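Structure data (TSV, C-alpha atoms) from start15.tsv:
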chain	number	residue	atom	x	y	z
L	5	MET	CA	78.84	-34.08	-52.93
L	6	VAL	CA	75.78	-34.68	-50.74
L	7	SER	CA	72.81	-36.14	-52.58
L	8	GLY	CA	69.69	-38.16	-51.94
L	9	PRO	CA	67.66	-40.76	-53.80
L	10	LEU	CA	65.59	-38.07	-55.53
L	11	THR	CA	68.39	-35.66	-56.43
L	12	ASP	CA	67.73	-34.20	-59.89
L	13	ARG	CA	66.02	-37.39	-61.10
L	14	THR	CA	62.69	-35.69	-61.87
L	15	ALA	CA	61.66	-32.25	-63.05
L	16	ILE	CA	58.71	-29.92	-63.32
L	17	VAL	CA	58.22	-29.50	-67.05
L	18	GLY	CA	54.86	-27.76	-67.35
L	19	ILE	CA	53.05	-25.05	-65.40
L	20	GLY	CA	49.56	-23.65	-65.77
L	21	GLN	CA	47.18	-21.34	-63.98
L	22	THR	CA	43.83	-19.66	-64.36
L	23	LYS	CA	43.17	-15.99	-63.90
L	24	PHE	CA	42.91	-15.01	-60.25
L	25	GLY	CA	39.85	-13.20	-58.95
L	26	LYS	CA	37.16	-13.03	-56.33
L	27	GLY	CA	33.81	-14.63	-56.98
L	28	VAL	CA	34.76	-16.03	-60.39
L	29	PRO	CA	31.92	-17.83	-62.21
L	30	GLU	CA	33.71	-21.14	-62.86
L	31	SER	CA	33.33	-24.07	-60.47
L	32	GLU	CA	36.33	-25.49	-58.63
L	33	LEU	CA	36.29	-28.46	-61.02
L	34	GLU	CA	36.33	-26.17	-64.03
L	35	LEU	CA	39.21	-24.17	-62.54
L	36	ALA	CA	41.20	-27.34	-61.84
L	37	CYS	CA	40.70	-28.66	-65.35
L	38	MET	CA	41.66	-25.33	-66.90
L	39	ALA	CA	44.91	-25.14	-64.93
L	40	ILE	CA	45.84	-28.78	-65.63
L	41	SER	CA	45.11	-28.40	-69.34
L	42	ALA	CA	47.25	-25.26	-69.46
L	43	ALA	CA	50.14	-27.06	-67.74
L	44	LEU	CA	49.95	-29.94	-70.21
L	45	ASP	CA	49.84	-27.52	-73.14
L	46	ASP	CA	52.86	-25.73	-71.68
L	47	CYS	CA	55.02	-28.86	-71.90
L	48	GLY	CA	53.43	-30.43	-74.97
L	49	ILE	CA	52.34	-33.61	-73.21
L	50	ALA	CA	49.02	-35.17	-74.22
L	51	PRO	CA	46.46	-35.68	-71.43
L	52	SER	CA	46.30	-39.39	-72.29
L	53	GLU	CA	49.95	-39.78	-71.20
L	54	VAL	CA	49.28	-38.71	-67.61
L	55	ASP	CA	49.24	-41.68	-65.24
L	56	GLY	CA	49.64	-40.03	-61.82
L	57	LEU	CA	47.78	-37.43	-59.78
L	58	ALA	CA	48.75	-35.53	-56.62
L	59	SER	CA	46.64	-33.03	-54.71
L	60	TYR	CA	45.72	-31.67	-51.27
L	61	THR	CA	43.31	-33.39	-48.89
L	62	MET	CA	41.51	-30.03	-48.87
L	63	GLU	CA	40.99	-30.27	-52.63
L	64	GLN	CA	37.26	-30.52	-53.29
L	65	ASN	CA	37.69	-32.15	-56.70
L	66	ARG	CA	37.87	-35.95	-56.81
L	67	GLU	CA	40.65	-37.51	-58.86
L	68	VAL	CA	38.15	-39.55	-60.85
L	69	ASP	CA	36.28	-36.41	-61.94
L	70	VAL	CA	39.47	-34.55	-62.85
L	71	ALA	CA	40.86	-37.50	-64.83
L	72	ARG	CA	37.64	-37.99	-66.77
L	73	SER	CA	37.07	-34.28	-67.44
L	74	VAL	CA	40.62	-33.56	-68.68
L	75	GLY	CA	40.80	-36.81	-70.67
L	76	LEU	CA	43.70	-38.38	-68.77
L	77	GLY	CA	44.95	-41.91	-69.38
L	78	ASP	CA	44.99	-44.89	-67.04
L	79	ILE	CA	45.97	-43.63	-63.58
L	80	THR	CA	48.40	-45.96	-61.79
L	81	TRP	CA	49.26	-43.74	-58.80
L	82	PHE	CA	47.42	-41.01	-56.88
L	83	SER	CA	47.93	-39.37	-53.52
L	84	GLN	CA	46.81	-36.47	-51.34
L	85	ILE	CA	48.69	-34.46	-48.69
L	86	GLY	CA	47.07	-32.95	-45.61
L	87	PHE	CA	47.31	-29.73	-43.62
L	88	GLY	CA	46.30	-27.12	-46.19
L	89	GLY	CA	49.12	-24.69	-46.84
L	90	GLY	CA	51.68	-27.23	-45.67
L	91	ALA	CA	50.90	-29.55	-48.58
L	92	GLY	CA	52.08	-27.66	-51.68
L	93	CYS	CA	55.66	-28.86	-51.89
L	94	GLY	CA	54.54	-32.23	-50.55
L	95	VAL	CA	52.41	-33.01	-53.58
L	96	VAL	CA	55.36	-32.31	-55.90
L	97	GLY	CA	57.84	-34.23	-53.76
L	98	GLN	CA	55.62	-37.28	-53.49
L	99	ALA	CA	54.98	-37.15	-57.23
L	100	ALA	CA	58.74	-37.20	-57.72
L	101	MET	CA	58.97	-40.27	-55.44
L	102	ALA	CA	56.24	-42.02	-57.45
L	103	ILE	CA	58.15	-41.44	-60.68
L	104	VAL	CA	61.52	-42.54	-59.27
L	105	THR	CA	59.98	-45.74	-57.87
L	106	GLY	CA	58.20	-46.57	-61.11
L	107	GLN	CA	54.63	-46.06	-59.95
L	108	ALA	CA	53.97	-43.40	-62.60
L	109	GLU	CA	55.73	-41.72	-65.50
L	110	ILE	CA	53.93	-38.38	-65.78
L	111	VAL	CA	52.20	-36.84	-62.76
L	112	VAL	CA	49.96	-33.81	-62.56
L	113	ALA	CA	49.75	-31.91	-59.26
L	114	TRP	CA	47.28	-29.10	-58.72
L	115	ARG	CA	45.29	-26.90	-56.36
L	116	ALA	CA	41.93	-25.27	-57.15
L	117	ARG	CA	40.11	-23.02	-54.72
L	118	LYS	CA	37.13	-20.72	-54.56
L	119	ARG	CA	38.40	-18.87	-51.52
L	120	ALA	CA	35.75	-16.17	-51.77
L	121	ALA	CA	32.92	-18.62	-51.18
L	122	ALA	CA	30.99	-17.92	-47.98
L	123	THR	CA	31.44	-21.54	-46.87
L	124	SER	CA	35.22	-21.01	-46.66
L	125	ARG	CA	34.92	-18.38	-43.92
L	126	PRO	CA	36.11	-19.29	-40.40
L	127	TRP	CA	32.66	-18.71	-38.93
L	128	ALA	CA	31.02	-21.15	-41.36
L	129	GLN	CA	30.37	-24.73	-40.22
L	130	ILE	CA	30.93	-23.88	-36.56
L	131	GLU	CA	30.66	-27.44	-35.20
L	132	ARG	CA	33.52	-28.63	-37.38
L	133	ARG	CA	35.68	-25.64	-36.54
L	134	VAL	CA	35.61	-26.13	-32.77
L	135	GLY	CA	36.35	-29.85	-32.78
L	136	GLU	CA	39.65	-31.68	-32.34
L	137	GLN	CA	42.57	-29.41	-31.32
L	138	PHE	CA	40.52	-26.28	-32.00
L	139	GLN	CA	38.47	-26.88	-28.86
L	140	TRP	CA	41.46	-25.59	-26.88
L	141	SER	CA	41.78	-22.27	-28.72
L	142	ARG	CA	38.77	-21.07	-30.70
L	143	PRO	CA	36.20	-20.95	-27.87
L	144	PHE	CA	38.64	-18.65	-26.03
L	145	GLY	CA	39.05	-16.04	-28.75
L	146	LEU	CA	41.46	-17.50	-31.31
L	147	LEU	CA	38.71	-17.75	-33.89
L	148	ARG	CA	40.76	-17.53	-37.06
L	149	PRO	CA	44.23	-18.58	-38.21
L	150	VAL	CA	45.25	-14.90	-38.11
L	151	ASP	CA	44.45	-14.79	-34.38
L	152	GLU	CA	46.68	-17.80	-33.74
L	153	ILE	CA	49.57	-16.35	-35.73
L	154	ALA	CA	49.07	-12.96	-34.07
L	155	MET	CA	49.65	-14.59	-30.68
L	156	LEU	CA	52.89	-16.21	-31.88
L	157	THR	CA	53.95	-12.91	-33.45
L	158	ARG	CA	53.44	-11.02	-30.21
L	159	ARG	CA	55.62	-13.52	-28.39
L	160	TYR	CA	58.29	-13.29	-31.09
L	161	MET	CA	58.30	-9.49	-30.89
L	162	HIS	CA	58.60	-9.67	-27.11
L	163	GLU	CA	61.46	-12.18	-27.10
L	164	TYR	CA	63.52	-10.87	-30.02
L	165	GLY	CA	62.62	-7.22	-30.46
L	166	ALA	CA	61.08	-7.53	-33.90
L	167	THR	CA	58.99	-4.52	-34.95
L	168	ARG	CA	56.11	-3.65	-37.21
L	169	ASP	CA	58.67	-2.13	-39.58
L	170	HIS	CA	60.05	-5.64	-40.12
L	171	LEU	CA	56.57	-6.93	-40.92
L	172	ALA	CA	56.09	-3.95	-43.25
L	173	ASN	CA	59.32	-4.90	-45.06
L	174	VAL	CA	57.75	-8.25	-45.92
L	175	ALA	CA	54.46	-6.79	-47.14
L	176	ILE	CA	56.13	-4.04	-49.17
L	177	ALA	CA	58.58	-6.44	-50.85
L	178	ALA	CA	55.75	-8.73	-51.92
L	179	ARG	CA	53.76	-5.80	-53.26
L	180	LYS	CA	56.73	-4.43	-55.24
L	181	HIS	CA	57.15	-7.80	-56.90
L	182	ALA	CA	53.42	-8.04	-57.61
L	183	ASN	CA	53.53	-4.58	-59.21
L	184	ARG	CA	55.78	-6.14	-61.87
L	185	ASN	CA	53.46	-9.13	-62.44
L	186	PRO	CA	50.42	-8.52	-64.68
L	187	ALA	CA	48.79	-11.73	-63.40
L	188	ALA	CA	48.91	-10.54	-59.78
L	189	THR	CA	45.79	-9.35	-58.00
L	190	MET	CA	47.76	-6.32	-56.73
L	191	TYR	CA	49.51	-5.59	-60.04
L	192	GLU	CA	48.54	-1.90	-60.21
L	193	LYS	CA	48.18	-1.26	-56.47
L	194	PRO	CA	51.38	0.09	-54.87
L	195	LEU	CA	51.87	-0.14	-51.11
L	196	THR	CA	53.79	2.47	-49.12
L	197	ARG	CA	55.07	2.23	-45.57
L	198	ASP	CA	52.53	4.86	-44.53
L	199	ASP	CA	49.77	2.75	-46.11
L	200	TYR	CA	50.93	-0.18	-44.04
L	201	MET	CA	51.26	1.68	-40.75
L	202	ASN	CA	47.83	3.31	-41.10
L	203	ALA	CA	45.97	0.13	-42.10
L	204	ARG	CA	43.22	-1.26	-39.89
L	205	TRP	CA	43.96	-4.02	-37.44
L	206	ILE	CA	42.88	-7.56	-38.27
L	207	SER	CA	44.33	-9.16	-35.13
L	208	GLU	CA	46.96	-7.10	-33.31
L	209	PRO	CA	49.84	-6.84	-34.01
L	210	LEU	CA	48.80	-7.90	-37.54
L	211	CYS	CA	47.11	-5.38	-39.79
L	212	LEU	CA	45.29	-5.74	-43.10
L	213	PHE	CA	48.52	-5.93	-45.11
L	214	ASP	CA	50.01	-8.71	-42.97
L	215	ASN	CA	47.39	-11.11	-44.36
L	216	CYS	CA	47.14	-13.14	-47.54
L	217	LEU	CA	44.52	-12.37	-50.16
L	218	GLU	CA	41.10	-13.96	-50.62
L	219	THR	CA	41.45	-15.52	-54.06
L	220	ASP	CA	39.63	-17.79	-56.47
L	221	GLY	CA	41.79	-19.65	-58.96
L	222	ALA	CA	43.80	-22.76	-59.74
L	223	LEU	CA	47.35	-23.77	-60.60
L	224	ALA	CA	48.95	-27.00	-61.80
L	225	VAL	CA	52.33	-28.50	-62.61
L	226	VAL	CA	53.48	-31.52	-64.62
L	227	ILE	CA	56.31	-33.67	-63.23
L	228	THR	CA	58.23	-36.35	-65.13
L	229	SER	CA	61.63	-38.03	-65.24
L	230	ALA	CA	64.80	-36.06	-65.93
L	231	ALA	CA	65.35	-38.13	-69.07
L	232	ARG	CA	61.92	-37.24	-70.50
L	233	ALA	CA	62.26	-33.63	-69.35
L	234	ARG	CA	65.27	-33.01	-71.58
L	235	ASP	CA	63.15	-33.54	-74.71
L	236	LEU	CA	60.40	-31.06	-73.80
L	237	PRO	CA	60.03	-27.39	-74.83
L	238	HIS	CA	61.07	-25.57	-71.66
L	239	PRO	CA	64.22	-25.82	-69.53
L	240	PRO	CA	63.49	-28.39	-66.81
L	241	ALA	CA	63.15	-27.28	-63.19
L	242	TYR	CA	64.79	-30.29	-61.55
L	243	VAL	CA	63.51	-31.44	-58.17
L	244	HIS	CA	66.88	-31.28	-56.45
L	245	ALA	CA	65.74	-31.92	-52.87
L	246	PHE	CA	62.49	-32.52	-50.99
L	247	ALA	CA	61.46	-32.81	-47.35
L	248	GLN	CA	58.40	-32.90	-45.08
L	249	SER	CA	58.11	-32.53	-41.31
L	250	ILE	CA	55.88	-32.84	-38.27
L	251	PRO	CA	58.06	-31.84	-35.26
L	252	THR	CA	57.90	-33.54	-31.88
L	253	GLN	CA	54.86	-32.51	-29.83
L	254	HIS	CA	53.66	-30.21	-32.60
L	255	GLN	CA	50.18	-28.70	-32.61
L	256	THR	CA	49.01	-26.85	-35.70
L	257	MET	CA	49.28	-23.06	-35.55
L	258	THR	CA	49.40	-22.53	-31.77
L	259	ASN	CA	52.11	-25.11	-30.96
L	260	TYR	CA	50.93	-25.22	-27.33
L	261	PHE	CA	52.63	-28.52	-26.43
L	262	ASN	CA	56.09	-27.64	-27.68
L	263	ASP	CA	58.71	-26.33	-25.25
L	264	ASP	CA	59.49	-23.60	-27.79
L	265	PRO	CA	56.37	-22.60	-29.76
L	266	LEU	CA	58.43	-20.31	-32.01
L	267	ARG	CA	60.52	-23.19	-33.31
L	268	GLY	CA	58.07	-24.35	-35.95
L	269	PRO	CA	58.07	-27.11	-38.55
L	270	ALA	CA	60.52	-25.24	-40.80
L	271	TRP	CA	63.43	-26.26	-38.58
L	272	VAL	CA	62.92	-30.01	-38.86
L	273	CYS	CA	61.99	-29.75	-42.54
L	274	ALA	CA	65.16	-27.73	-43.22
L	275	ASP	CA	67.39	-30.31	-41.53
L	276	LYS	CA	66.06	-33.02	-43.82
L	277	LEU	CA	66.11	-30.80	-46.92
L	278	TRP	CA	69.74	-29.69	-46.58
L	279	ALA	CA	70.81	-33.23	-45.65
L	280	THR	CA	69.83	-34.44	-49.14
L	281	SER	CA	71.00	-31.38	-51.09
L	282	GLU	CA	74.27	-30.37	-52.66
L	283	LEU	CA	73.31	-26.76	-51.87
L	284	ARG	CA	73.34	-24.75	-48.65
L	285	PRO	CA	71.42	-21.60	-47.65
L	286	ASP	CA	74.24	-19.36	-48.89
L	287	ASP	CA	73.91	-20.97	-52.33
L	288	ILE	CA	70.22	-20.18	-52.75
L	289	ALA	CA	69.60	-17.45	-55.32
L	290	VAL	CA	65.90	-16.78	-54.67
L	291	ALA	CA	63.23	-18.11	-52.32
L	292	GLN	CA	59.48	-18.52	-52.45
L	293	LEU	CA	58.47	-18.68	-48.77
L	294	TYR	CA	54.95	-19.47	-47.68
L	295	ASP	CA	53.25	-16.24	-46.68
L	296	ALA	CA	49.71	-16.64	-45.44
L	297	PHE	CA	50.87	-14.01	-42.91
L	298	SER	CA	53.92	-11.75	-42.98
L	299	PRO	CA	55.58	-13.05	-39.78
L	300	LEU	CA	55.82	-16.51	-41.35
L	301	ILE	CA	58.48	-15.12	-43.69
L	302	ILE	CA	60.59	-14.00	-40.72
L	303	LEU	CA	60.20	-17.37	-39.01
L	304	SER	CA	61.05	-19.21	-42.24
L	305	LEU	CA	64.20	-17.16	-42.86
L	306	GLU	CA	65.45	-18.43	-39.52
L	307	GLY	CA	64.11	-21.97	-39.81
L	308	TYR	CA	65.72	-22.59	-43.21
L	309	GLY	CA	69.05	-21.23	-42.06
L	310	PHE	CA	69.38	-17.86	-43.79
L	311	CYS	CA	70.02	-16.15	-40.46
L	312	LYS	CA	70.30	-16.99	-36.77
L	313	ARG	CA	67.48	-17.22	-34.27
L	314	GLY	CA	65.95	-13.81	-33.61
L	315	GLU	CA	67.61	-12.22	-36.68
L	316	GLY	CA	64.77	-12.78	-39.15
L	317	GLY	CA	63.32	-9.31	-38.61
L	318	PRO	CA	66.54	-7.33	-39.24
L	319	PHE	CA	67.33	-9.67	-42.17
L	320	THR	CA	64.48	-7.98	-44.07
L	321	ASP	CA	65.90	-4.44	-43.68
L	322	ASP	CA	67.38	-2.35	-46.50
L	323	GLY	CA	65.54	-4.17	-49.29
L	324	ALA	CA	67.27	-7.48	-48.57
L	325	ILE	CA	64.25	-9.55	-49.65
L	326	GLU	CA	63.40	-7.39	-52.66
L	327	LEU	CA	64.61	-7.85	-56.23
L	328	GLY	CA	68.30	-6.88	-56.15
L	329	GLY	CA	68.63	-7.74	-52.45
L	330	ARG	CA	70.72	-10.51	-50.95
L	331	LEU	CA	67.78	-12.98	-51.00
L	332	PRO	CA	64.80	-11.95	-53.14
L	333	VAL	CA	61.68	-13.52	-51.66
L	334	ASN	CA	58.26	-14.18	-53.24
L	335	THR	CA	59.02	-12.65	-56.60
L	336	SER	CA	55.50	-13.07	-58.04
L	337	GLY	CA	53.87	-11.27	-55.12
L	338	ALA	CA	52.93	-14.65	-53.59
L	339	GLY	CA	49.98	-15.13	-51.24
L	340	MET	CA	50.00	-11.59	-49.93
L	341	SER	CA	49.95	-9.77	-53.27
L	342	GLU	CA	49.57	-12.19	-56.21
L	343	ALA	CA	47.00	-14.78	-55.11
L	344	TYR	CA	46.36	-17.10	-52.21
L	345	VAL	CA	45.80	-20.64	-53.42
L	346	HIS	CA	47.36	-22.50	-50.50
L	347	GLY	CA	50.86	-21.62	-51.69
L	348	PHE	CA	50.79	-23.42	-55.03
L	349	ASN	CA	51.75	-20.23	-56.87
L	350	LEU	CA	55.06	-20.33	-54.99
L	351	ILE	CA	55.87	-23.53	-56.89
L	352	THR	CA	54.98	-22.14	-60.31
L	353	GLU	CA	57.00	-18.99	-59.60
L	354	GLY	CA	59.96	-21.14	-58.54
L	355	VAL	CA	59.78	-22.85	-61.93
L	356	ARG	CA	59.67	-19.48	-63.71
L	357	GLN	CA	62.76	-18.32	-61.83
L	358	VAL	CA	64.67	-21.45	-62.86
L	359	ARG	CA	63.45	-21.03	-66.45
L	360	GLY	CA	64.42	-17.34	-66.45
L	361	THR	CA	60.90	-16.12	-67.25
L	362	SER	CA	59.74	-14.44	-64.03
L	363	THR	CA	58.42	-10.89	-64.17
L	364	ALA	CA	60.84	-10.18	-61.30
L	365	GLN	CA	63.65	-12.35	-62.60
L	366	VAL	CA	66.71	-12.78	-60.41
L	367	GLU	CA	69.72	-12.58	-62.69
L	368	GLY	CA	71.52	-15.89	-63.00
L	369	ALA	CA	69.11	-17.74	-60.72
L	370	GLY	CA	70.16	-21.35	-61.04
L	371	ASN	CA	68.06	-22.53	-58.14
L	372	CYS	CA	65.07	-21.63	-55.99
L	373	LEU	CA	63.92	-22.70	-52.52
L	374	VAL	CA	60.16	-23.19	-52.23
L	375	THR	CA	58.47	-23.74	-48.86
L	376	SER	CA	54.99	-24.60	-47.70
L	377	GLY	CA	53.14	-23.47	-44.58
L	378	GLU	CA	55.05	-22.59	-41.43
L	379	GLY	CA	52.94	-23.29	-38.35
L	380	VAL	CA	51.50	-26.53	-39.75
L	381	PRO	CA	53.06	-29.86	-40.80
L	382	THR	CA	55.01	-28.69	-43.80
L	383	SER	CA	57.12	-29.48	-46.84
L	384	ALA	CA	59.82	-27.84	-48.95
L	385	LEU	CA	61.57	-28.18	-52.30
L	386	ILE	CA	64.76	-27.01	-53.92
L	387	LEU	CA	64.35	-26.56	-57.66
L	388	ARG	CA	67.34	-25.99	-59.93
L	389	LYS	CA	68.44	-25.85	-63.54
Show me, as structure tokens, the structure contained in the file I just sent.
Amino acid sequence: MVSGPLTDRTAIVGIGQTKFGKGVPESELELACMAISAALDDCGIAPSEVDGLASYTMEQNREVDVARSVGLGDITWFSQIGFGGGAGCGVVGQAAMAIVTGQAEIVVAWRARKRAAATSRPWAQIERRVGEQFQWSRPFGLLRPVDEIAMLTRRYMHEYGATRDHLANVAIAARKHANRNPAATMYEKPLTRDDYMNARWISEPLCLFDNCLETDGALAVVITSAARARDLPHPPAYVHAFAQSIPTQHQTMTNYFNDDPLRGPAWVCADKLWATSELRPDDIAVAQLYDAFSPLIILSLEGYGFCKRGEGGPFTDDGAIELGGRLPVNTSGAGMSEAYVHGFNLITEGVRQVRGTSTAQVEGAGNCLVTSGEGVPTSALILRK
């Protein structure tokens, strides 16, 4: 059997989250501490036992403030991962590496965000937003991430014949799953195909329902060794495989310098992930695929090997990515219909699927693929029982 140095040697043992909303009164530090405390309560581990911390470079909360506020113990390892939505699985995977190499015994990873704040808008802090690689795109009309993904989507539709119905399949599947999840922002808000087709444009060919939500909230997980995990209250979600990638000549979002801009980071990440896993795409029971925008699901289905190049659109037909389909995707509602917190809720939902406690539980799900942002340097995990 194929395996790697991390295979099933660590596990996620605790998960926690705050309520999701827009314009919530708590600060980002308060939200982070609430989610971390909930995750520790979930697994019955005392804050004083935590000796490792992992977060995003975009996280506004400093490790020292989080550790002091939650009452953590001596911290012997801490790390941050860059590139926003590409970091989620990275923080868990690097926490697993820290535990396996003896740098820490119990690591907390988290993401807290007040997305609704005016300072988070693309037109805020203009000087910063037109520097570096953005000087080659934003002054010429690609002002927001949605504009950049819209351009890639148009090319994909032109080359492979994908349609808006395929994008609608993604949005509708996420909404159906969210309608089963009381914690989801869109819990009681059904979405029909007519709703989708009649929605206003955000950046053609992407409409309102092709976009993630604007969400305030926080989530956290607790990672420890497989040996310790077996003594804790919930079934462990073992970190079976982990990978990260920055492809050759990659540029975030637009991918201008790559010979094939539609072959994003998922492809390189997938090669590494499957190379250290006993599982293959056909073995995966359920997937949580990063979904800041609906076409990223189609690109990820291809990149991670669930279908061939150009077949991601048709793969979504006939309810294939809904509960009961051949590969249920984003069973909590994810970024498009549960909450958008840079994809961290994909990790917590992956744990729930492995535990058997999801509100859209896939029967007999012994494993779950979780991915981070497609279009940026990325990361991925396979969790299993």
Output as a tab-separated table one row per residue of segment 196-234 of chain L within 12 Å of segment 29-45 of chain L: the closest atom pair and its distance in Å to one decimal place, counting all atoms listed in the file, sorted by chain and residue number ascending.
residue	atom	partner	partner_atom	distance
L:Asp220	CA	L:Glu32	CA	8.7
L:Gly221	CA	L:Leu35	CA	6.3
L:Ala222	CA	L:Leu35	CA	5.6
L:Leu223	CA	L:Ala39	CA	5.2
L:Ala224	CA	L:Ile40	CA	5.2
L:Val225	CA	L:Ala43	CA	5.8
L:Val226	CA	L:Ala43	CA	6.4
L:Ile227	CA	L:Ala43	CA	10.1
L:Thr228	CA	L:Leu44	CA	11.6
Give me, as a tab-separated table, each residue of segment 55-142 of chain L that comes within 12 Å of segment 296-314 of chain L, together with its shortest interatomic pair and the distance in Å at one decimal, counting all atoms listed in the file, with rows ordered by chain and rising residue number.
residue	atom	partner	partner_atom	distance
L:Gly88	CA	L:Ala296	CA	11.0
L:Gly89	CA	L:Ala296	CA	8.2
L:Gly90	CA	L:Ala296	CA	10.8
- Task: Using all atoms listed in the file, find the one residue out of L:Glu218, L:Glu208, L:Glu378, L:Glu353 that sits nearest to Met257 of chain L.
- Result: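 The closest residue to Met257 of chain L is L:Glu378.
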- Note on the structure: Judged by only C-alpha atoms, the minimum distance to Gly370 of chain L among L:Glu342, L:Ala231, L:Tyr260, L:Ala241 is found for L:Ala241
- Item | Distance criterion (all atoms listed in the file): nearest to Thr22 of chain L out of L:Leu385, L:Ile206, L:Ala188, L:Ala279 |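 Checking each of L:Leu385, L:Ile206, L:Ala188, L:Ala279 against Thr22 of chain L, counting all atoms listed in the file, the winner is L:Ala188.
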- Could you check how far atom CA of Val95 of chain L sits from atom CA of Ala338 of chain L, in Å to one decimal? 18.4 Å
- Task: May I have the residues within 10 Å of Ser141 of chain L as a list in words, using only C-alpha atoms and disregarding those fewer than 4 positions away in the same chain?
- Result: Val134, Gln137, Gly145, Leu146, Leu147, Arg148, Asp151, Glu152, Thr258 and Tyr260 of chain L
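Atom CA of Asp46 of chain L sits 23.8 Å away from atom CA of Lys118 of chain L.
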- Interatomic distance, atom CA of Ala102 of chain L to atom CA of Pro51 of chain L (Å, one decimal): 18.2 Å
- Using all atoms listed in the file, which residues sit within 10 Å of Trp81 of chain L once same-chain residues fewer than 3 positions away are excluded, as a list in words?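 With the cut-off at 10 Å, the set is Asp55, Gly56, Leu57, Ala58, Asp78, Ala99, Ala102, Ile103, Gly106, Gln107, Ala108, Glu109, Ile110 and Val111 of chain L.
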- Select, from L:Glu63, L:Asp264, L:Glu282, L:Asp321, the residue with the minimum atom-to-atom distance to Leu387 of chain L, counting only C-alpha atoms.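 Ranking L:Glu63, L:Asp264, L:Glu282, L:Asp321 by distance to Leu387 of chain L, first place goes to L:Glu282.
With only C-alpha atoms as the atoms that count, the minimum distance from Arg330 of chain L to the choices L:Ile288, L:Val380, L:Pro269, L:Arg204 is reached by L:Ile288.
Of the residues listed (L:Gly268, L:Pro9, L:Gly48, L:Pro285), L:Pro9 shows the shortest atom-to-atom separation from Ala245 of chain L; distances use only C-alpha atoms.
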- Message: Residues near Gly347 of chain L, anyone? I mean within 10 Å using all atoms listed in the file, not counting same-chain ones fewer than 2 positions away, as a VMD selection string.
- Response: chain L and resid 88 to 93 115 223 292 to 296 338 to 339 343 to 345 349 to 352 374 to 377
If you keep C-alpha atoms, can you produce a file of those selected residues as a short mmCIF file (atom, residue, chain, number, x, y, z; two decimals), in the frame of the given file?
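Okay, selection.cif is ready:
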data_model
loop_
_atom_site.label_atom_id
_atom_site.label_comp_id
_atom_site.auth_asym_id
_atom_site.auth_seq_id
_atom_site.Cartn_x
_atom_site.Cartn_y
_atom_site.Cartn_z
CA GLY L 88 46.30 -27.12 -46.19
CA GLY L 89 49.12 -24.69 -46.84
CA GLY L 90 51.68 -27.23 -45.67
CA ALA L 91 50.90 -29.55 -48.58
CA GLY L 92 52.08 -27.66 -51.68
CA CYS L 93 55.66 -28.86 -51.89
CA ARG L 115 45.29 -26.90 -56.36
CA LEU L 223 47.35 -23.77 -60.60
CA GLN L 292 59.48 -18.52 -52.45
CA LEU L 293 58.47 -18.68 -48.77
CA TYR L 294 54.95 -19.47 -47.68
CA ASP L 295 53.25 -16.24 -46.68
CA ALA L 296 49.71 -16.64 -45.44
CA ALA L 338 52.93 -14.65 -53.59
CA GLY L 339 49.98 -15.13 -51.24
CA ALA L 343 47.00 -14.78 -55.11
CA TYR L 344 46.36 -17.10 -52.21
CA VAL L 345 45.80 -20.64 -53.42
CA ASN L 349 51.75 -20.23 -56.87
CA LEU L 350 55.06 -20.33 -54.99
CA ILE L 351 55.87 -23.53 -56.89
CA THR L 352 54.98 -22.14 -60.31
CA VAL L 374 60.16 -23.19 -52.23
CA THR L 375 58.47 -23.74 -48.86
CA SER L 376 54.99 -24.60 -47.70
CA GLY L 377 53.14 -23.47 -44.58
#
- Item | Nearby residues (only C-alpha atoms) at most 10 Å from Thr320 of chain L, same-chain spacing under 6 positions excluded, as a PyMOL selection string | chain L and resi 169-174+177+301-302+305+326+329-333
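The list of residues with at least one atom within 12 Å of Pro237 of chain L, based on all atoms listed in the file and without residues fewer than 3 positions apart in the same chain, reads L:Ile16, L:Val17, L:Gly18, L:Ile19, L:Leu44, L:Asp45, L:Asp46, L:Cys47, L:Gly48, L:Ile49, L:Arg232, L:Ala233, L:Arg234, L:Pro240, L:Arg359.
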Block slice segment 37-49 of chain L, C-alpha atoms, emitted as a short mmCIF file (atom, residue, chain, number, x, y, z; two decimals), in the first residue's frame:
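Result file follows (part_39.cif):
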data_model
loop_
_atom_site.label_atom_id
_atom_site.label_comp_id
_atom_site.auth_asym_id
_atom_site.auth_seq_id
_atom_site.Cartn_x
_atom_site.Cartn_y
_atom_site.Cartn_z
CA CYS L 37 -11.23 32.73 21.01
CA MET L 38 -14.83 31.55 20.96
CA ALA L 39 -14.17 29.07 18.13
CA ILE L 40 -10.95 27.76 19.70
CA SER L 41 -12.61 27.34 23.10
CA ALA L 42 -15.49 25.46 21.48
CA ALA L 43 -13.07 23.13 19.67
CA LEU L 44 -11.21 22.37 22.89
CA ASP L 45 -14.49 21.73 24.72
CA ASP L 46 -15.52 19.41 21.87
CA CYS L 47 -12.55 17.11 22.46
CA GLY L 48 -12.20 17.58 26.22
CA ILE L 49 -8.67 18.96 26.06
#
